[in-house]
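Trainee: The structure is given below, and queries will be raised subsequently.
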Amino acid sequence: MDLKRKLSRLTNAGPGSQARGPVNTVVVTPAVETPAVEARARDEAVARVPSVEEAGTTTIAEVLVQALRKRLTMDGEGEPAVDVEPGAPATQDARAREARLADAVTQAREDGLAEGTARARADGLVDLREEARRRFAAKRGGTADGATDPRVEALRQMLSFWAERQGTASARKAAAPVPEPRALPVEARSTPHGTVHVAEQLYPPEHCHGTAPVAAALDVEARLVAGLALHPELESVDFTRMLMLDTETTGLAGGTGTVPFLVGLGWFEGRSLRVQQLFLRRMGEEAPMLRLLAERMASSSCLVTYNGKSFDWPLLRTRFVLNRVPVPKELPHLDLLHCARRVFKHRGEGARLVHLESKVLGHHRVGDVDGSLIPELYFRFLRGTDGSELVPVLEHNQKDLLLLAALLGDLVRRFQSEGTEPQDPRDLLGFAQVAERAGDAERALTFAKAAAESGGPVGIDALVLASRVCRRSGDCETAVAHLQRALTFAKPGQGAVLHLSLTKLYEHSLKDLPRALYHARLAAPVELPDDHQLRLERLERRLSRQGA
């Protein structure tokens, strides 16, 4: 309902209408109208209007009403009071003042109750804004002192408990200490081709990377390495002069836009391993670095890398061409990635270099930089940051070179042992398959028999391999024995392939047709229906002729 209408009802004087007496009261017409009567009527009208605190709300309009009431009260203080009957109607002057009061309130509301307008209506006697603030503060104080909602109190306690827990958790998480800036451990070295920035370190003969000694790479036999790598060209290589190579680049895309900013080299001096890292401090200074690499390759017998056949060497060859530096003669290349994939594929865990480092060699890197971050760290160095961020990159490259030497020695040692030392049966099966492909039947059979001791799927595959090796060597009886043993490891429904192999051996090699027919009937799940039917008819026909 409109504020003006409410005020009119409270003061019994509506806009544009005559004053009315209070409801349920007897109107007594006064005989004489005096100023005292007007003052008393005005006081009664003011008293009938509820205060702001009683109304329960505090607004600027209500503050304005209070201020105007005070003004009217002060205007009538000096007039003498005259007793009149209660409920007497207000005089014409009182009604006019009440009407002006209502009009002032309505006008103030329509004007937006601005601060200046409110002060004008109050005639400078009361600061409406300060009065409103005081009443708001008083009301808030009264609410805080009174009874509060239990849900509000529970919410406050919950928020306080949460803030306390957050503070405790933050205190537990101590800020990681910021590492002190370290200078890049490279030195400028003058060469006939220009200045090259080099970092070098010499590892003693007893140094081990995980459980594998680094110097064991010097003890490998070229024949075994060639068989392990399936690369006959390596049989004539002198592995005491091998060169281990690993690069850190600005990306993995390859091509002309990828730059190797760090070329890590490793070679043996006696039984000590020297690691040399060629660092590119700024773009355009590749030529001296590449020429130094070409000189080192000229004095080496072969390259040893990990995925170097597909990435490192093709990228370096491209940089030689782009910088107009003669491409060095290509050396025999041993890529240990291919060897690791063939040997450890049955683990089903991939052949990532860091993974093999932890699972095979037992070396776990701590604080190693993620390879995906290396290009960005180098770009930040080029933009002007100090060399401390690239120190972990150089350490990462050094560990990769140590891993190459340790992994080569460990793989050849395992391959040479022929399963006599305890190994994972899956690795033994991998070595057996590599030896079979290399044409080393004796070594393949030894590894297969060792792997078969574990039973299960690995044992079945190992016995099938052993049977195949024996059949090629002409020992069909032993081949059949291996397959019969494999049937004992097979679960129901998994022996159809073994039965088919036995069928062929009995029919073509051992000429045992009844046994061939028996196993042929059990091999139906792995043959096409027509082929299976033809095999059965042929065996039955041969058996009938043999019986006749």
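Note on naming: chains are A, B, ... as they come in the structure tokens, residues start from 1 per chain, ligands start from 1 in the order shown.
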From range 318-501 of chain A, collect each residue whose DSSP state is helix (DSSP H, G or I) and return the set as a PyMOL selection string.
Mentor: chain A and resi 318-322+336-347+353-359+371-382+387-417+425-438+441-452+456-472+476-489+496-501
Trainee: Using only C-alpha atoms, which protein or nucleic acid residues come within 10 Å of Leu243 in chain A? Drop anything in the same chain fewer than 4 positions from it, and give the result as a PyMOL selection string.
Mentor: chain A and resi 239+265-268+296-297+299-305+331+333+405
Trainee: For CA of Leu487 in chain A and CA of Pro457 in chain A, determine how far apart the two atoms are, in Å to one decimal place.
Mentor: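 CA of Pro457 in chain A lies 11.0 Å from CA of Leu487 in chain A.
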Trainee: Write out as a list of chain:residue names the residues lying within 9 Å of Ala444 in chain A, counting only C-alpha atoms and excluding same-chain residues fewer than 3 positions away.
Mentor: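 Here the qualifying residues turn out to be A:Glu418, A:Leu429, A:Phe431, A:Ala432, A:Gln433, A:Val434, A:Ala435, A:Glu436, A:Arg437, A:Gly439, A:Asp440, A:Ala441, A:Phe447, A:Ala448, A:Lys449, A:Leu465, A:Ala466, A:Val469.
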Trainee: If you count only C-alpha atoms, which residues fall within 10 Å of range 378-390 of chain A, apart from same-chain ones fewer than 4 positions away, as a list in words?
Mentor: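 Non-adjacent residues within range: Pro179, Glu180, Pro181, Arg182, Ala183, Leu184, Pro185, Val186, Glu248, Thr249, Thr250, Phe261, Leu262, Leu280, Arg281, Arg282, Met283, Val369, Leu373, Ile374, Leu394, Glu395 and His396 of chain A.
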Trainee: Quick one: residues within 12 Å of range 214-223 of chain A, only C-alpha atoms, excluding same-chain residues fewer than 6 positions away - as an MDAnalysis selection string?
Mentor: chainID A and resid 202:208 229:244 266:274 301:302 304 334 361 399:416 435 438 440
Trainee: Taking the DSSP assignment computed from this structure's backbone, write out as an mmCIF file with N, CA, C and O atoms, in the first residue's frame all residues of range 256-425 of chain A that belong to strand (DSSP E).
Mentor:
```
data_model
loop_
_atom_site.group_PDB
_atom_site.id
_atom_site.type_symbol
_atom_site.label_atom_id
_atom_site.label_comp_id
_atom_site.auth_asym_id
_atom_site.auth_seq_id
_atom_site.Cartn_x
_atom_site.Cartn_y
_atom_site.Cartn_z
ATOM 1 N N PRO A 260 69.355 -30.038 -32.582
ATOM 2 C CA PRO A 260 69.963 -30.703 -31.420
ATOM 3 C C PRO A 260 70.871 -29.715 -30.685
ATOM 4 O O PRO A 260 71.987 -29.448 -31.127
ATOM 5 N N PHE A 261 70.387 -29.194 -29.560
ATOM 6 C CA PHE A 261 71.172 -28.195 -28.838
ATOM 7 C C PHE A 261 72.166 -28.837 -27.861
ATOM 8 O O PHE A 261 73.030 -28.148 -27.316
ATOM 9 N N LEU A 262 72.041 -30.145 -27.631
ATOM 10 C CA LEU A 262 72.980 -30.844 -26.755
ATOM 11 C C LEU A 262 73.271 -32.209 -27.363
ATOM 12 O O LEU A 262 72.364 -33.027 -27.536
ATOM 13 N N VAL A 263 74.533 -32.438 -27.689
ATOM 14 C CA VAL A 263 74.966 -33.715 -28.252
ATOM 15 C C VAL A 263 75.854 -34.393 -27.220
ATOM 16 O O VAL A 263 76.961 -33.922 -26.922
ATOM 17 N N GLY A 264 75.344 -35.497 -26.664
ATOM 18 C CA GLY A 264 76.105 -36.239 -25.660
ATOM 19 C C GLY A 264 76.868 -37.386 -26.285
ATOM 20 O O GLY A 264 76.307 -38.189 -27.038
ATOM 21 N N LEU A 265 78.155 -37.473 -25.966
ATOM 22 C CA LEU A 265 79.026 -38.515 -26.493
ATOM 23 C C LEU A 265 79.677 -39.254 -25.335
ATOM 24 O O LEU A 265 79.982 -38.656 -24.297
ATOM 25 N N GLY A 266 79.873 -40.554 -25.519
ATOM 26 C CA GLY A 266 80.554 -41.349 -24.498
ATOM 27 C C GLY A 266 81.461 -42.372 -25.147
ATOM 28 O O GLY A 266 81.066 -43.060 -26.090
ATOM 29 N N TRP A 267 82.700 -42.481 -24.644
ATOM 30 C CA TRP A 267 83.639 -43.480 -25.141
ATOM 31 C C TRP A 267 84.558 -43.897 -23.982
ATOM 32 O O TRP A 267 84.642 -43.217 -22.956
ATOM 33 N N PHE A 268 85.192 -45.023 -24.163
ATOM 34 C CA PHE A 268 86.040 -45.570 -23.105
ATOM 35 C C PHE A 268 87.484 -45.161 -23.334
ATOM 36 O O PHE A 268 87.999 -45.208 -24.448
ATOM 37 N N GLU A 269 88.100 -44.773 -22.225
ATOM 38 C CA GLU A 269 89.542 -44.523 -22.183
ATOM 39 C C GLU A 269 90.111 -45.509 -21.175
ATOM 40 O O GLU A 269 90.007 -45.315 -19.968
ATOM 41 N N SER A 272 87.765 -46.648 -18.130
ATOM 42 C CA SER A 272 87.008 -45.504 -17.636
ATOM 43 C C SER A 272 86.161 -44.932 -18.765
ATOM 44 O O SER A 272 86.589 -44.930 -19.937
ATOM 45 N N LEU A 273 84.992 -44.469 -18.420
ATOM 46 C CA LEU A 273 84.071 -43.926 -19.415
ATOM 47 C C LEU A 273 84.115 -42.405 -19.367
ATOM 48 O O LEU A 273 83.871 -41.794 -18.314
ATOM 49 N N ARG A 274 84.436 -41.805 -20.493
ATOM 50 C CA ARG A 274 84.434 -40.344 -20.582
ATOM 51 C C ARG A 274 83.139 -39.895 -21.273
ATOM 52 O O ARG A 274 82.807 -40.371 -22.358
ATOM 53 N N VAL A 275 82.466 -38.963 -20.629
ATOM 54 C CA VAL A 275 81.237 -38.388 -21.176
ATOM 55 C C VAL A 275 81.530 -36.950 -21.562
ATOM 56 O O VAL A 275 81.966 -36.137 -20.727
ATOM 57 N N GLN A 276 81.275 -36.642 -22.820
ATOM 58 C CA GLN A 276 81.501 -35.287 -23.338
ATOM 59 C C GLN A 276 80.188 -34.778 -23.930
ATOM 60 O O GLN A 276 79.550 -35.469 -24.736
ATOM 61 N N GLN A 277 79.810 -33.569 -23.531
ATOM 62 C CA GLN A 277 78.559 -32.979 -23.990
ATOM 63 C C GLN A 277 78.857 -31.674 -24.729
ATOM 64 O O GLN A 277 79.504 -30.772 -24.179
ATOM 65 N N LEU A 278 78.385 -31.594 -25.960
ATOM 66 C CA LEU A 278 78.564 -30.412 -26.791
ATOM 67 C C LEU A 278 77.275 -29.599 -26.725
ATOM 68 O O LEU A 278 76.211 -30.078 -27.124
ATOM 69 N N PHE A 279 77.410 -28.365 -26.225
ATOM 70 C CA PHE A 279 76.238 -27.538 -25.959
ATOM 71 C C PHE A 279 76.179 -26.360 -26.928
ATOM 72 O O PHE A 279 77.197 -25.712 -27.201
ATOM 73 N N LEU A 303 78.511 -46.813 -33.738
ATOM 74 C CA LEU A 303 77.627 -45.977 -32.925
ATOM 75 C C LEU A 303 76.717 -46.870 -32.091
ATOM 76 O O LEU A 303 76.225 -47.899 -32.571
ATOM 77 N N VAL A 304 76.508 -46.472 -30.831
ATOM 78 C CA VAL A 304 75.574 -47.152 -29.940
ATOM 79 C C VAL A 304 74.555 -46.113 -29.479
ATOM 80 O O VAL A 304 74.930 -45.109 -28.853
ATOM 81 N N THR A 305 73.296 -46.337 -29.815
ATOM 82 C CA THR A 305 72.259 -45.371 -29.479
ATOM 83 C C THR A 305 71.025 -46.118 -28.974
ATOM 84 O O THR A 305 70.994 -47.345 -28.920
ATOM 85 N N HIS A 333 75.903 -49.357 -36.870
ATOM 86 C CA HIS A 333 75.026 -48.714 -35.871
ATOM 87 C C HIS A 333 74.309 -49.792 -35.059
ATOM 88 O O HIS A 333 73.569 -50.622 -35.598
ATOM 89 N N LEU A 334 74.525 -49.780 -33.751
ATOM 90 C CA LEU A 334 73.829 -50.677 -32.830
ATOM 91 C C LEU A 334 72.750 -49.873 -32.111
ATOM 92 O O LEU A 334 73.064 -49.012 -31.268
ATOM 93 N N ASP A 335 71.506 -50.142 -32.447
ATOM 94 C CA ASP A 335 70.382 -49.466 -31.815
ATOM 95 C C ASP A 335 69.809 -50.409 -30.754
ATOM 96 O O ASP A 335 69.167 -51.418 -31.066
#
```
Trainee: Residues at most 7 Å from Ala351 in chain A, counting only C-alpha atoms, excluding those fewer than 2 positions away in the same chain, as JSON, numbers by chain?
Mentor: {"A": [340, 341, 349, 353, 355, 356]}
Trainee: Any chance you can output those residues with all heavy atoms as a PDB file, in the first residue's frame?
Mentor:
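What ended up in out.pdb:
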```pdb
ATOM      1  N   ALA A 340      66.090 -54.310 -27.119  1.00  0.00           N
ATOM      2  CA  ALA A 340      65.249 -54.315 -25.918  1.00  0.00           C
ATOM      3  C   ALA A 340      63.815 -54.715 -26.250  1.00  0.00           C
ATOM      4  O   ALA A 340      63.168 -55.436 -25.488  1.00  0.00           O
ATOM      5  CB  ALA A 340      65.290 -52.937 -25.259  1.00  0.00           C
ATOM      6  N   ARG A 341      63.311 -54.257 -27.367  1.00  0.00           N
ATOM      7  CA  ARG A 341      61.942 -54.619 -27.746  1.00  0.00           C
ATOM      8  C   ARG A 341      61.803 -56.123 -27.983  1.00  0.00           C
ATOM      9  O   ARG A 341      60.805 -56.735 -27.595  1.00  0.00           O
ATOM     10  CB  ARG A 341      61.543 -53.861 -29.008  1.00  0.00           C
ATOM     11  CG  ARG A 341      61.106 -52.427 -28.747  1.00  0.00           C
ATOM     12  CD  ARG A 341      60.759 -51.743 -30.039  1.00  0.00           C
ATOM     13  NE  ARG A 341      60.228 -50.391 -29.823  1.00  0.00           N
ATOM     14  CZ  ARG A 341      59.999 -49.524 -30.798  1.00  0.00           C
ATOM     15  NH1 ARG A 341      60.246 -49.858 -32.062  1.00  0.00           N
ATOM     16  NH2 ARG A 341      59.526 -48.325 -30.522  1.00  0.00           N
ATOM     17  N   GLU A 349      55.212 -54.140 -20.973  1.00  0.00           N
ATOM     18  CA  GLU A 349      55.352 -52.853 -20.285  1.00  0.00           C
ATOM     19  C   GLU A 349      56.046 -51.802 -21.147  1.00  0.00           C
ATOM     20  O   GLU A 349      56.420 -50.741 -20.651  1.00  0.00           O
ATOM     21  CB  GLU A 349      56.142 -53.050 -18.990  1.00  0.00           C
ATOM     22  CG  GLU A 349      55.467 -54.014 -18.013  1.00  0.00           C
ATOM     23  CD  GLU A 349      56.349 -54.361 -16.835  1.00  0.00           C
ATOM     24  OE1 GLU A 349      57.563 -54.086 -16.917  1.00  0.00           O
ATOM     25  OE2 GLU A 349      55.840 -54.894 -15.831  1.00  0.00           O
ATOM     26  N   LEU A 353      63.188 -46.015 -22.296  1.00  0.00           N
ATOM     27  CA  LEU A 353      64.533 -46.131 -21.738  1.00  0.00           C
ATOM     28  C   LEU A 353      64.512 -46.027 -20.214  1.00  0.00           C
ATOM     29  O   LEU A 353      65.152 -46.817 -19.507  1.00  0.00           O
ATOM     30  CB  LEU A 353      65.418 -45.038 -22.345  1.00  0.00           C
ATOM     31  CG  LEU A 353      66.904 -45.126 -22.024  1.00  0.00           C
ATOM     32  CD1 LEU A 353      67.484 -46.433 -22.523  1.00  0.00           C
ATOM     33  CD2 LEU A 353      67.659 -43.941 -22.638  1.00  0.00           C
ATOM     34  N   HIS A 355      62.048 -46.677 -18.253  1.00  0.00           N
ATOM     35  CA  HIS A 355      61.370 -47.845 -17.687  1.00  0.00           C
ATOM     36  C   HIS A 355      62.333 -49.031 -17.592  1.00  0.00           C
ATOM     37  O   HIS A 355      62.383 -49.724 -16.567  1.00  0.00           O
ATOM     38  CB  HIS A 355      60.171 -48.207 -18.561  1.00  0.00           C
ATOM     39  CG  HIS A 355      59.460 -49.443 -18.130  1.00  0.00           C
ATOM     40  ND1 HIS A 355      58.610 -49.478 -17.051  1.00  0.00           N
ATOM     41  CD2 HIS A 355      59.496 -50.710 -18.619  1.00  0.00           C
ATOM     42  CE1 HIS A 355      58.137 -50.706 -16.901  1.00  0.00           C
ATOM     43  NE2 HIS A 355      58.654 -51.477 -17.831  1.00  0.00           N
ATOM     44  N   LEU A 356      63.103 -49.281 -18.639  1.00  0.00           N
ATOM     45  CA  LEU A 356      64.079 -50.367 -18.588  1.00  0.00           C
ATOM     46  C   LEU A 356      65.148 -50.092 -17.542  1.00  0.00           C
ATOM     47  O   LEU A 356      65.655 -51.016 -16.893  1.00  0.00           O
ATOM     48  CB  LEU A 356      64.729 -50.545 -19.958  1.00  0.00           C
ATOM     49  CG  LEU A 356      63.815 -51.025 -21.087  1.00  0.00           C
ATOM     50  CD1 LEU A 356      64.602 -51.141 -22.381  1.00  0.00           C
ATOM     51  CD2 LEU A 356      63.184 -52.362 -20.742  1.00  0.00           C
TER      52      LEU A 356
END
```
Trainee: Can you tell me, as a PyMOL selection string, what residues are no more than 9 Å from His364 in chain A when counting only C-alpha atoms, ignoring any on the same chain fewer than 4 positions away?
Mentor: chain A and resi 210+354+357-359
Trainee: Filtering to C-alpha atoms, could you give me those residues as a compact mmCIF listing (two decimals), in the first residue's frame?
Mentor:
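Done, and the output landed in out-v6.txt:
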```
# COMPACT_ATOMS: atom_id res chain seq x y z
CA GLY A 210 72.00 -49.45 -10.88
CA VAL A 354 63.71 -44.89 -18.23
CA GLU A 357 66.48 -48.47 -16.38
CA SER A 358 64.30 -49.08 -13.32
CA LYS A 359 62.93 -52.55 -14.13
```
Trainee: One decimal, Å: what's the distance from CA of Thr488 in chain A over to CA of Glu442 in chain A, could you say?
Mentor: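 For CA of Thr488 in chain A relative to CA of Glu442 in chain A, the distance reads 24.6 Å.
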Trainee: What is the CA of Leu539 in chain A-CA of Val464 in chain A distance in Å, reported with one decimal?
Mentor: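 If I compute the distance from CA of Leu539 in chain A to CA of Val464 in chain A, I get 24.1 Å.
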Trainee: I need the residue nearest Thr478 in chain A from this list: A:Leu543, A:Leu445, A:Val497, A:Val391. Use only C-alpha atoms for the distance.
Mentor: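 Smallest separation from Thr478 in chain A among the options: A:Leu445.
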